$ cat start32.tsv   # TSV, C-alpha atoms
chain	number	residue	atom	x	y	z
I	1	MET	CA	178.60	50.96	-134.45
I	2	VAL	CA	179.74	48.20	-132.15
I	3	THR	CA	183.05	46.93	-133.50
I	4	ALA	CA	186.40	48.69	-133.45
I	5	ALA	CA	186.67	48.59	-137.25
I	6	GLN	CA	183.32	50.34	-137.63
I	7	ARG	CA	184.28	53.05	-135.11
I	8	ARG	CA	187.65	53.49	-136.84
I	9	ARG	CA	185.91	54.03	-140.18
I	10	ALA	CA	183.60	56.57	-138.56
I	11	VAL	CA	186.57	58.49	-137.17
I	12	ASP	CA	188.29	58.46	-140.58
I	13	HIS	CA	185.12	59.77	-142.19
I	14	LEU	CA	184.80	62.64	-139.70
I	15	THR	CA	188.46	63.62	-139.97
I	16	SER	CA	188.08	63.72	-143.77
I	17	ARG	CA	185.32	66.35	-143.23
I	18	ARG	CA	187.74	68.67	-141.42
I	19	VAL	CA	186.75	67.48	-137.94
I	20	SER	CA	189.60	67.22	-135.48
I	21	GLU	CA	190.67	63.75	-134.47
I	22	ARG	CA	190.07	64.46	-130.81
I	23	ARG	CA	186.46	65.53	-131.46
I	24	ALA	CA	185.84	62.71	-133.92
I	25	CYS	CA	186.94	60.11	-131.35
I	26	ARG	CA	184.73	61.74	-128.72
I	27	LEU	CA	181.71	61.67	-131.06
I	28	ALA	CA	182.34	58.03	-132.01
I	29	HIS	CA	183.04	57.03	-128.37
I	30	PHE	CA	186.41	55.70	-129.51
I	31	SER	CA	189.79	56.04	-127.83
I	32	ARG	CA	192.54	57.89	-129.72
I	33	SER	CA	195.06	55.13	-129.13
I	34	ALA	CA	192.71	52.63	-130.71
I	35	ALA	CA	192.16	54.98	-133.63
I	36	TRP	CA	195.90	55.21	-134.21
I	37	TYR	CA	196.31	51.42	-134.13
I	38	ARG	CA	196.66	49.70	-137.48
I	39	PRO	CA	196.15	45.91	-137.40
I	40	ARG	CA	199.11	43.93	-138.66
I	41	GLY	CA	198.40	40.98	-140.87
I	42	ARG	CA	199.04	37.52	-139.50
I	43	ASP	CA	200.46	34.72	-141.60
I	44	ASP	CA	198.24	31.70	-140.97
I	45	GLY	CA	199.52	29.64	-143.88
I	46	ALA	CA	201.36	27.06	-141.79
I	47	LEU	CA	198.49	26.81	-139.33
I	48	ARG	CA	195.94	26.35	-142.10
I	49	LYS	CA	198.06	23.63	-143.68
I	50	ARG	CA	198.39	21.74	-140.42
I	51	LEU	CA	194.67	22.14	-139.67
I	52	ARG	CA	193.76	20.68	-143.07
I	53	ALA	CA	196.15	17.79	-142.53
I	54	LEU	CA	194.62	16.97	-139.16
I	55	ALA	CA	191.11	17.23	-140.59
I	56	GLU	CA	191.99	14.79	-143.38
I	57	ARG	CA	193.56	12.39	-140.91
I	58	TYR	CA	190.64	12.56	-138.47
I	59	PRO	CA	187.56	13.23	-140.64
I	60	ARG	CA	185.09	12.69	-137.78
I	61	TYR	CA	186.73	15.22	-135.46
I	62	GLY	CA	185.17	18.65	-135.03
I	63	TYR	CA	186.99	21.88	-134.38
I	64	PRO	CA	187.17	21.46	-130.55
I	65	THR	CA	189.16	18.23	-130.92
I	66	LEU	CA	191.32	19.66	-133.70
I	67	HIS	CA	191.97	22.74	-131.56
I	68	ALA	CA	193.09	20.49	-128.71
I	69	LEU	CA	195.54	18.77	-131.04
I	70	LEU	CA	196.92	22.12	-132.22
I	71	VAL	CA	197.29	23.32	-128.65
I	72	ALA	CA	199.19	20.15	-127.77
I	73	GLU	CA	201.57	20.92	-130.65
I	74	GLY	CA	201.98	24.51	-129.45
I	75	ARG	CA	200.69	26.03	-132.69
I	76	VAL	CA	197.72	27.96	-131.36
I	77	ILE	CA	196.21	29.15	-128.08
I	78	ASN	CA	193.03	31.05	-128.95
I	79	ARG	CA	190.09	28.78	-129.65
I	80	LYS	CA	188.32	31.47	-131.69
I	81	ARG	CA	191.26	31.63	-134.08
I	82	THR	CA	191.02	27.91	-134.71
I	83	TYR	CA	187.27	28.17	-135.28
I	84	ARG	CA	187.73	31.06	-137.75
I	85	LEU	CA	190.25	29.11	-139.81
I	86	TYR	CA	188.11	25.98	-139.50
I	87	ARG	CA	185.13	27.80	-141.01
I	88	GLU	CA	187.16	29.53	-143.72
I	89	GLU	CA	188.65	26.24	-144.86
I	90	GLY	CA	185.21	24.59	-144.98
I	91	LEU	CA	186.14	21.72	-142.68
I	92	GLN	CA	182.76	21.37	-140.97
I	93	VAL	CA	181.87	17.78	-140.17
I	94	ARG	CA	178.72	16.76	-141.94
I	95	THR	CA	176.01	15.58	-139.58
I	96	LYS	CA	175.15	11.97	-140.24
I	97	ARG	CA	171.52	11.54	-141.12
I	98	ARG	CA	169.73	9.02	-139.01
I	99	ARG	CA	168.91	5.97	-141.02
I	100	LYS	CA	165.43	4.61	-140.65
I	101	LEU	CA	165.08	0.97	-139.81
I	102	HIS	CA	163.20	-0.66	-142.66
I	103	ARG	CA	161.66	-3.96	-141.72
I	104	PRO	CA	160.21	-5.94	-144.62
I	105	ARG	CA	156.47	-6.32	-144.47
I	106	VAL	CA	155.55	-9.98	-144.12
I	107	PRO	CA	151.91	-11.06	-144.53
I	108	MET	CA	150.64	-12.28	-141.18
I	109	PRO	CA	148.56	-15.46	-141.35
I	110	VAL	CA	145.39	-15.73	-139.30
I	111	PRO	CA	145.80	-18.18	-136.39
I	112	THR	CA	143.66	-21.30	-136.49
I	113	ARG	CA	143.59	-22.20	-132.79
I	114	ALA	CA	143.73	-20.49	-129.42
I	115	ASN	CA	147.03	-19.63	-127.76
I	116	GLU	CA	148.80	-19.64	-131.11
I	117	ARG	CA	149.32	-15.89	-131.35
I	118	TRP	CA	148.59	-13.00	-128.97
I	119	SER	CA	148.59	-9.26	-129.56
I	120	ALA	CA	149.67	-6.72	-126.95
I	121	ASP	CA	149.23	-2.96	-126.76
I	122	PHE	CA	148.83	-0.14	-124.25
I	123	VAL	CA	146.02	2.35	-123.79
I	124	SER	CA	146.10	5.33	-121.45
I	125	ASP	CA	143.61	7.62	-119.78
I	126	GLN	CA	143.49	10.30	-117.12
I	127	LEU	CA	142.02	10.23	-113.64
I	128	ALA	CA	139.80	12.93	-112.23
I	129	ASN	CA	142.79	14.42	-110.38
I	130	GLY	CA	144.75	14.75	-113.64
I	131	ARG	CA	147.06	11.79	-113.05
I	132	ARG	CA	147.51	9.49	-116.02
I	133	PHE	CA	147.44	5.71	-115.93
I	134	ARG	CA	148.06	2.91	-118.42
I	135	VAL	CA	146.26	-0.32	-119.28
I	136	LEU	CA	147.98	-3.24	-120.97
I	137	ASN	CA	145.66	-5.34	-123.12
I	138	LEU	CA	146.76	-8.81	-124.25
I	139	VAL	CA	144.38	-10.43	-126.74
I	140	ASP	CA	144.23	-13.89	-128.30
I	141	ASP	CA	144.00	-13.34	-132.06
I	142	CYS	CA	141.99	-16.54	-132.64
I	143	SER	CA	139.43	-16.58	-129.83
I	144	ARG	CA	139.34	-12.75	-129.44
I	145	GLU	CA	139.77	-13.31	-125.70
I	146	CYS	CA	141.47	-10.74	-123.49
I	147	VAL	CA	143.83	-13.09	-121.66
I	148	LEU	CA	145.55	-10.41	-119.57
I	149	GLN	CA	144.87	-6.86	-118.52
I	150	VAL	CA	147.30	-4.93	-116.33
I	151	VAL	CA	146.36	-1.57	-114.82
I	152	ASP	CA	148.85	0.77	-113.18
I	153	LEU	CA	150.24	4.28	-113.24
I	154	SER	CA	153.46	2.97	-114.82
I	155	ILE	CA	154.18	-0.40	-116.45
I	156	SER	CA	157.82	-1.22	-117.10
I	157	GLY	CA	159.37	-4.13	-118.93
I	158	GLN	CA	160.12	-5.94	-115.64
I	159	ARG	CA	156.49	-5.54	-114.58
I	160	LEU	CA	155.34	-6.90	-117.94
I	161	VAL	CA	157.54	-9.97	-117.53
I	162	ARG	CA	156.15	-10.62	-114.04
I	163	GLU	CA	152.56	-10.46	-115.28
I	164	LEU	CA	153.31	-12.73	-118.23
I	165	GLY	CA	154.90	-15.17	-115.81
I	166	ARG	CA	151.46	-15.71	-114.30
I	167	LEU	CA	150.36	-17.14	-117.67
I	168	ALA	CA	153.25	-19.58	-117.98
I	169	HIS	CA	150.78	-22.48	-118.30
I	170	ARG	CA	149.28	-21.14	-121.55
I	171	LEU	CA	151.89	-19.09	-123.36
I	172	PRO	CA	151.51	-18.61	-127.13
I	173	ARG	CA	154.04	-19.17	-129.86
I	174	THR	CA	154.10	-15.52	-130.94
I	175	ILE	CA	153.27	-12.16	-129.36
I	176	VAL	CA	152.65	-9.27	-131.76
I	177	CYS	CA	153.61	-5.89	-130.31
I	178	ASP	CA	154.82	-2.44	-131.29
I	179	ASN	CA	158.30	-0.98	-130.84
I	180	GLY	CA	157.71	0.54	-127.41
I	181	PRO	CA	160.49	0.44	-124.79
I	182	GLU	CA	158.52	-2.04	-122.68
I	183	PHE	CA	158.60	-4.64	-125.46
I	184	THR	CA	162.04	-3.92	-126.95
I	185	GLY	CA	163.82	-3.78	-123.60
I	186	LYS	CA	166.26	-6.24	-122.15
I	187	ALA	CA	163.70	-7.79	-119.77
I	188	MET	CA	161.35	-8.89	-122.56
I	189	PHE	CA	164.26	-10.09	-124.70
I	190	LEU	CA	165.56	-12.39	-121.96
I	191	TRP	CA	162.04	-13.58	-121.12
I	192	ALA	CA	161.30	-14.44	-124.75
I	193	ARG	CA	164.58	-16.34	-125.11
I	194	GLU	CA	163.92	-18.24	-121.89
I	195	THR	CA	160.32	-19.20	-122.67
I	196	GLY	CA	160.72	-19.69	-126.43
I	197	VAL	CA	158.02	-17.12	-127.29
I	198	LYS	CA	158.70	-15.19	-130.48
I	199	LEU	CA	158.24	-11.41	-130.30
I	200	HIS	CA	156.92	-10.12	-133.62
I	201	PHE	CA	157.47	-6.35	-133.86
I	202	ILE	CA	155.32	-4.42	-136.28
I	203	GLN	CA	156.74	-1.73	-138.54
I	204	PRO	CA	157.09	1.68	-136.84
I	205	GLY	CA	154.08	3.87	-137.53
I	206	LYS	CA	151.98	0.95	-138.80
I	207	PRO	CA	149.39	0.20	-136.08
I	208	THR	CA	147.21	-1.58	-138.62
I	209	GLN	CA	149.67	-4.47	-138.50
I	210	ASN	CA	148.48	-5.04	-134.93
I	211	ALA	CA	144.83	-4.80	-135.89
I	212	PHE	CA	143.39	-7.38	-133.47
I	213	VAL	CA	144.37	-5.59	-130.28
I	214	GLU	CA	143.77	-2.17	-131.86
I	215	SER	CA	140.19	-3.22	-132.57
I	216	PHE	CA	139.84	-4.39	-128.99
I	217	ASN	CA	141.28	-1.10	-127.69
I	218	GLY	CA	138.73	0.86	-129.69
I	219	LYS	CA	135.83	-1.06	-128.20
I	220	PHE	CA	137.43	-1.06	-124.75
I	221	THR	CA	137.90	2.71	-124.61
I	222	GLY	CA	134.50	3.24	-126.22
I	223	LEU	CA	132.63	1.61	-123.32
I	224	ARG	CA	130.53	4.09	-121.40
I	225	PRO	CA	131.01	4.22	-117.63
I	226	THR	CA	127.30	3.50	-117.16
I	227	ASP	CA	127.58	0.32	-119.28
I	228	VAL	CA	130.46	-0.90	-117.16
I	229	ALA	CA	128.62	0.01	-113.97
I	230	VAL	CA	125.43	-1.79	-115.02
I	231	ALA	CA	127.36	-4.88	-116.10
I	232	GLY	CA	129.19	-4.98	-112.80
I	233	TYR	CA	125.99	-4.47	-110.81
I	234	ARG	CA	124.04	-7.17	-112.67
I	235	GLY	CA	126.82	-9.72	-112.38
I	236	ASP	CA	127.52	-10.15	-116.10
I	237	ALA	CA	130.75	-11.85	-117.17
I	238	VAL	CA	132.26	-8.53	-118.19
I	239	ILE	CA	133.92	-7.40	-114.97
I	240	ASP	CA	136.45	-9.33	-112.95
I	241	PRO	CA	134.50	-11.22	-110.22
I	242	VAL	CA	136.91	-9.93	-107.59
I	243	VAL	CA	136.22	-6.34	-108.61
I	244	ARG	CA	132.48	-7.02	-108.88
I	245	GLY	CA	132.57	-8.38	-105.33
I	246	ALA	CA	134.37	-5.25	-104.21
I	247	VAL	CA	131.57	-3.13	-105.62
I	248	VAL	CA	128.92	-5.19	-103.86
I	249	ASP	CA	130.85	-5.36	-100.57
I	250	ASP	CA	131.26	-1.62	-100.51
I	251	ALA	CA	127.48	-1.21	-100.95
I	252	ILE	CA	127.85	1.46	-103.63
I	253	ARG	CA	124.52	2.30	-105.20
I	254	LEU	CA	124.33	2.00	-108.97
I	255	GLU	CA	123.57	5.68	-109.54
I	256	ASP	CA	126.44	6.91	-107.40
I	257	PHE	CA	128.73	4.32	-108.92
I	258	ALA	CA	127.96	5.54	-112.44
I	259	LYS	CA	128.43	9.20	-111.40
I	260	GLN	CA	131.82	8.46	-109.90
I	261	ALA	CA	133.00	6.81	-113.12
I	262	ALA	CA	135.31	9.21	-114.95
I	263	GLY	CA	136.89	6.77	-117.40
I	264	PRO	CA	136.00	3.66	-119.35
I	265	LEU	CA	137.00	1.17	-116.67
I	266	ILE	CA	139.62	2.24	-114.17
I	267	ASP	CA	137.88	5.33	-112.84
I	268	CYS	CA	134.79	3.24	-112.20
I	269	PHE	CA	136.61	1.35	-109.46
I	270	GLY	CA	139.59	3.59	-108.78
I	271	ILE	CA	143.28	2.78	-108.87
I	272	ARG	CA	143.52	2.76	-105.06
I	273	SER	CA	140.58	0.38	-104.73
I	274	LEU	CA	142.13	-2.03	-107.22
I	275	ARG	CA	145.51	-1.90	-105.50
I	276	HIS	CA	143.90	-2.26	-102.07
I	277	ARG	CA	142.25	-5.51	-103.09
I	278	GLY	CA	145.28	-6.81	-104.97
I	279	VAL	CA	143.63	-6.70	-108.40
I	280	THR	CA	146.18	-6.12	-111.14
I	281	ALA	CA	144.92	-8.28	-114.00
I	282	GLY	CA	141.62	-9.71	-115.11
I	283	PRO	CA	141.02	-13.42	-115.74
I	284	SER	CA	140.40	-15.14	-119.03
I	285	GLY	CA	137.17	-14.07	-120.65
I	286	LEU	CA	137.36	-10.43	-119.56
I	287	TYR	CA	135.28	-8.35	-121.99
I	288	ARG	CA	134.82	-11.38	-124.16
I	289	GLY	CA	131.13	-10.71	-124.62
I	290	PHE	CA	131.80	-7.20	-125.97
I	291	TRP	CA	134.20	-8.18	-128.75
I	292	THR	CA	133.35	-10.88	-131.25
$ encode --input "start32.tsv" --output "structure tokens"
Amino acid sequence: MVTAAQRRRAVDHLTSRRVSERRACRLAHFSRSAAWYRPRGRDDGALRKRLRALAERYPRYGYPTLHALLVAEGRVINRKRTYRLYREEGLQVRTKRRRKLHRPRVPMPVPTRANERWSADFVSDQLANGRRFRVLNLVDDCSRECVLQVVDLSISGQRLVRELGRLAHRLPRTIVCDNGPEFTGKAMFLWARETGVKLHFIQPGKPTQNAFVESFNGKFTGLRPTDVAVAGYRGDAVIDPVVRGAVVDDAIRLEDFAKQAAGPLIDCFGIRSLRHRGVTAGPSGLYRGFWT
């Protein structure tokens, strides 16, 4: 028994069983003055009519706004009273369902020459200390060449525009990308309008529409650290020459270098080492021998 009405009913029940009112109120933990009180009905007809009229006039307003209008008219003070009448009249505003953006699926032709269409996507991994980093892969759909690779702990749309500005001499006609905030942001929109590059967004939840870079990402993340270490030690055209020179200059033995590798590429050299030597993107031909 928590409400006054329930305690009042308990007192009435006890008094009907020849229990004194004083003792019944003491057993029910209810004051005698409250037991004597009889609620008087309140005529809410005019208030209900005005509330319905306001709800019809402003169909997108909820009860807080309607209550503010009633308070301004001097018709009501208690917010709970407005909410009770609002619920009893069934004036709840229906929540608008979010409409999904349906983009028509257009068959994508296969490019016939290099620098006609590129594909871009992000992959992520985790360092040994638990900190996550991202890698941007930009692939030519015709030559299967990784034309750009950006490595950092965070890559924003402004950073993406700066890195693409380094390739201003060989920009494609179209860049295929997903609907991530880096690609759909204002920076990429202004860059695409300035350079004349068309941004082709795939349908949400359809990574197969960006199959070229997804295939590259699978092979890129599937590289073993030892394979990357051996390629960099031998001098193959797999690792950026600047990074390969850093490995040789630091005189890191092959065994120790492979043991220190905790990820497919970045942990092999370390984020700090790459930043220290100013390496943010690989040249043309990076990982070209691994993806044909």
$ residues_around --input "start32.tsv" --residues "Phe133 of chain I" --least-positions-apart "6" --cutoff "10 Å" --atoms "all atoms listed in the file" --output "MDAnalysis selection string"
chainID I and resid 123:127 151:155 266 271
$ write_last_selection --input "start32.tsv" --atoms "C-alpha atoms" --output "compact mmCIF listing (two decimals), in the coordinates of the input"
# COMPACT_ATOMS: atom_id res chain seq x y z
CA VAL I 123 146.02 2.35 -123.79
CA SER I 124 146.10 5.33 -121.45
CA ASP I 125 143.61 7.62 -119.78
CA GLN I 126 143.49 10.30 -117.12
CA LEU I 127 142.02 10.23 -113.64
CA VAL I 151 146.36 -1.57 -114.82
CA ASP I 152 148.85 0.77 -113.18
CA LEU I 153 150.24 4.28 -113.24
CA SER I 154 153.46 2.97 -114.82
CA ILE I 155 154.18 -0.40 -116.45
CA ILE I 266 139.62 2.24 -114.17
CA ILE I 271 143.28 2.78 -108.87
$ residues_near_point --input "start32.tsv" --point "(153.4, -6.6, -131.6)" --cutoff "10 Å" --atoms "only C-alpha atoms" --output "list in words"
Trp118, Ser119, Ala120, Asp121, Thr174, Ile175, Val176, Cys177, Asp178, Asn179, Gly180, Phe183, Leu199, His200, Phe201, Ile202, Gln203, Pro207, Gln209, Asn210, Ala211 and Val213 of chain I
$ atom_distance --input "start32.tsv" --atom1 "atom CA of Ser31 of chain I" --atom2 "atom CA of Arg17 of chain I"
19.1 Å
$ atom_distance --input "start32.tsv" --atom1 "atom CA of Arg42 of chain I" --atom2 "atom CA of Pro59 of chain I"
26.9 Å
$ residues_around --input "start32.tsv" --residues "Tyr61 of chain I" --least-positions-apart "4" --cutoff "12 Å" --atoms "all atoms listed in the file" --output "list in words"
Leu51, Arg52, Leu54, Ala55, Glu56, Arg57, Thr65, Leu66, His67, Ala68, Leu69, Tyr86, Leu91, Gln92, Val93, Arg94 and Thr95 of chain I
$ atom_distance --input "start32.tsv" --atom1 "atom CA of Asp141 of chain I" --atom2 "atom CA of Phe220 of chain I"
15.7 Å
$ axis_aligned_box --input "start32.tsv" --around "segment 67-75 of chain I" --padding-each-side "8 Å" --output "lines of an AutoDock Vina configuration file"
center_x = 197.0
center_y = 22.4
center_z = -130.2
size_x = 26.0
size_y = 23.3
size_z = 20.9
$ closest_residue --input "start32.tsv" --among "I:Gly157, I:Pro204, I:Pro39, I:Gly222" --to "Ala192 of chain I" --atoms "all atoms listed in the file"
I:Gly157
$ closest_residue --input "start32.tsv" --among "I:Arg26, I:Arg18, I:Arg9, I:Arg132" --to "Arg38 of chain I" --atoms "all atoms listed in the file"
I:Arg9
$ residues_around --input "start32.tsv" --residues "Cys142 of chain I" --least-positions-apart "2" --cutoff "7 Å" --atoms "only C-alpha atoms" --output "PyMOL selection string"
chain I and resi 111-114+140+144
$ residues_around --input "start32.tsv" --residues "Thr195 of chain I" --least-positions-apart "3" --cutoff "9 Å" --atoms "all atoms listed in the file" --output "PyMOL selection string"
chain I and resi 168+171+190-192+198
$ closest_residue --input "start32.tsv" --among "I:Cys146, I:Ala46, I:Arg87, I:Ser16" --to "Asn217 of chain I" --atoms "only C-alpha atoms"
I:Cys146
$ closest_residue --input "start32.tsv" --among "I:Ser143, I:Thr82, I:Ser20, I:Ser33" --to "Arg8 of chain I" --atoms "all atoms listed in the file"
I:Ser33
$ build_atoms --input "start32.tsv" --residues "segment 154-165 of chain I" --atoms "all heavy atoms" --output "PDB file, keeping the file's coordinate frame"
ATOM      1  N   SER I 154     152.273   3.170-113.992  1.00  0.00           N
ATOM      2  CA  SER I 154     153.460   2.970-114.820  1.00  0.00           C
ATOM      3  C   SER I 154     153.692   1.473-114.953  1.00  0.00           C
ATOM      4  O   SER I 154     153.652   0.743-113.961  1.00  0.00           O
ATOM      5  CB  SER I 154     154.678   3.650-114.197  1.00  0.00           C
ATOM      6  OG  SER I 154     155.837   3.387-114.958  1.00  0.00           O
ATOM      7  N   ILE I 155     153.953   1.022-116.174  1.00  0.00           N
ATOM      8  CA  ILE I 155     154.180  -0.400-116.450  1.00  0.00           C
ATOM      9  C   ILE I 155     155.510  -0.508-117.180  1.00  0.00           C
ATOM     10  O   ILE I 155     155.638  -0.069-118.324  1.00  0.00           O
ATOM     11  CB  ILE I 155     153.034  -1.001-117.292  1.00  0.00           C
ATOM     12  CG1 ILE I 155     151.689  -0.823-116.582  1.00  0.00           C
ATOM     13  CG2 ILE I 155     153.296  -2.479-117.554  1.00  0.00           C
ATOM     14  CD1 ILE I 155     150.511  -1.299-117.400  1.00  0.00           C
ATOM     15  N   SER I 156     156.486  -1.073-116.522  1.00  0.00           N
ATOM     16  CA  SER I 156     157.820  -1.220-117.100  1.00  0.00           C
ATOM     17  C   SER I 156     157.962  -2.597-117.734  1.00  0.00           C
ATOM     18  O   SER I 156     157.064  -3.445-117.667  1.00  0.00           O
ATOM     19  CB  SER I 156     158.881  -1.028-116.017  1.00  0.00           C
ATOM     20  OG  SER I 156     158.739  -2.000-115.001  1.00  0.00           O
ATOM     21  N   GLY I 157     159.126  -2.822-118.334  1.00  0.00           N
ATOM     22  CA  GLY I 157     159.370  -4.130-118.930  1.00  0.00           C
ATOM     23  C   GLY I 157     159.459  -5.231-117.899  1.00  0.00           C
ATOM     24  O   GLY I 157     158.972  -6.343-118.122  1.00  0.00           O
ATOM     25  N   GLN I 158     160.054  -4.934-116.707  1.00  0.00           N
ATOM     26  CA  GLN I 158     160.120  -5.940-115.640  1.00  0.00           C
ATOM     27  C   GLN I 158     158.729  -6.286-115.135  1.00  0.00           C
ATOM     28  O   GLN I 158     158.434  -7.449-114.849  1.00  0.00           O
ATOM     29  CB  GLN I 158     160.985  -5.429-114.493  1.00  0.00           C
ATOM     30  CG  GLN I 158     162.466  -5.323-114.811  1.00  0.00           C
ATOM     31  CD  GLN I 158     162.811  -4.076-115.606  1.00  0.00           C
ATOM     32  OE1 GLN I 158     161.934  -3.264-115.887  1.00  0.00           O
ATOM     33  NE2 GLN I 158     164.076  -3.913-115.960  1.00  0.00           N
ATOM     34  N   ARG I 159     157.859  -5.275-115.021  1.00  0.00           N
ATOM     35  CA  ARG I 159     156.490  -5.540-114.580  1.00  0.00           C
ATOM     36  C   ARG I 159     155.754  -6.396-115.616  1.00  0.00           C
ATOM     37  O   ARG I 159     154.980  -7.306-115.265  1.00  0.00           O
ATOM     38  CB  ARG I 159     155.754  -4.212-114.378  1.00  0.00           C
ATOM     39  CG  ARG I 159     154.267  -4.354-114.104  1.00  0.00           C
ATOM     40  CD  ARG I 159     154.003  -4.939-112.730  1.00  0.00           C
ATOM     41  NE  ARG I 159     152.600  -5.143-112.498  1.00  0.00           N
ATOM     42  CZ  ARG I 159     151.736  -4.160-112.176  1.00  0.00           C
ATOM     43  NH1 ARG I 159     152.165  -2.907-112.059  1.00  0.00           N
ATOM     44  NH2 ARG I 159     150.472  -4.425-111.958  1.00  0.00           N
ATOM     45  N   LEU I 160     155.982  -6.127-116.874  1.00  0.00           N
ATOM     46  CA  LEU I 160     155.340  -6.900-117.940  1.00  0.00           C
ATOM     47  C   LEU I 160     155.775  -8.352-117.892  1.00  0.00           C
ATOM     48  O   LEU I 160     154.963  -9.273-118.075  1.00  0.00           O
ATOM     49  CB  LEU I 160     155.671  -6.271-119.291  1.00  0.00           C
ATOM     50  CG  LEU I 160     155.017  -6.878-120.529  1.00  0.00           C
ATOM     51  CD1 LEU I 160     153.509  -6.886-120.397  1.00  0.00           C
ATOM     52  CD2 LEU I 160     155.445  -6.119-121.770  1.00  0.00           C
ATOM     53  N   VAL I 161     157.043  -8.596-117.620  1.00  0.00           N
ATOM     54  CA  VAL I 161     157.540  -9.970-117.530  1.00  0.00           C
ATOM     55  C   VAL I 161     156.919 -10.682-116.341  1.00  0.00           C
ATOM     56  O   VAL I 161     156.544 -11.864-116.430  1.00  0.00           O
ATOM     57  CB  VAL I 161     159.081  -9.950-117.430  1.00  0.00           C
ATOM     58  CG1 VAL I 161     159.604 -11.316-117.051  1.00  0.00           C
ATOM     59  CG2 VAL I 161     159.682  -9.504-118.755  1.00  0.00           C
ATOM     60  N   ARG I 162     156.771  -9.989-115.218  1.00  0.00           N
ATOM     61  CA  ARG I 162     156.150 -10.620-114.040  1.00  0.00           C
ATOM     62  C   ARG I 162     154.706 -11.003-114.324  1.00  0.00           C
ATOM     63  O   ARG I 162     154.252 -12.090-113.925  1.00  0.00           O
ATOM     64  CB  ARG I 162     156.210  -9.671-112.848  1.00  0.00           C
ATOM     65  CG  ARG I 162     157.592  -9.469-112.277  1.00  0.00           C
ATOM     66  CD  ARG I 162     157.520  -8.935-110.857  1.00  0.00           C
ATOM     67  NE  ARG I 162     156.705  -7.741-110.762  1.00  0.00           N
ATOM     68  CZ  ARG I 162     157.187  -6.500-110.877  1.00  0.00           C
ATOM     69  NH1 ARG I 162     158.490  -6.323-111.096  1.00  0.00           N
ATOM     70  NH2 ARG I 162     156.396  -5.446-110.776  1.00  0.00           N
ATOM     71  N   GLU I 163     153.963 -10.156-114.990  1.00  0.00           N
ATOM     72  CA  GLU I 163     152.560 -10.460-115.280  1.00  0.00           C
ATOM     73  C   GLU I 163     152.451 -11.596-116.290  1.00  0.00           C
ATOM     74  O   GLU I 163     151.559 -12.447-116.183  1.00  0.00           O
ATOM     75  CB  GLU I 163     151.847  -9.215-115.792  1.00  0.00           C
ATOM     76  CG  GLU I 163     151.797  -8.057-114.809  1.00  0.00           C
ATOM     77  CD  GLU I 163     151.022  -8.400-113.551  1.00  0.00           C
ATOM     78  OE1 GLU I 163     150.215  -9.361-113.585  1.00  0.00           O
ATOM     79  OE2 GLU I 163     151.210  -7.724-112.520  1.00  0.00           O
ATOM     80  N   LEU I 164     153.337 -11.627-117.268  1.00  0.00           N
ATOM     81  CA  LEU I 164     153.310 -12.730-118.230  1.00  0.00           C
ATOM     82  C   LEU I 164     153.724 -14.037-117.580  1.00  0.00           C
ATOM     83  O   LEU I 164     153.306 -15.117-118.027  1.00  0.00           O
ATOM     84  CB  LEU I 164     154.238 -12.414-119.410  1.00  0.00           C
ATOM     85  CG  LEU I 164     153.772 -11.327-120.371  1.00  0.00           C
ATOM     86  CD1 LEU I 164     154.853 -11.021-121.388  1.00  0.00           C
ATOM     87  CD2 LEU I 164     152.491 -11.745-121.081  1.00  0.00           C
ATOM     88  N   GLY I 165     154.529 -13.958-116.523  1.00  0.00           N
ATOM     89  CA  GLY I 165     154.900 -15.170-115.810  1.00  0.00           C
ATOM     90  C   GLY I 165     153.722 -15.853-115.157  1.00  0.00           C
ATOM     91  O   GLY I 165     153.756 -17.072-114.908  1.00  0.00           O
TER      92      GLY I 165
END
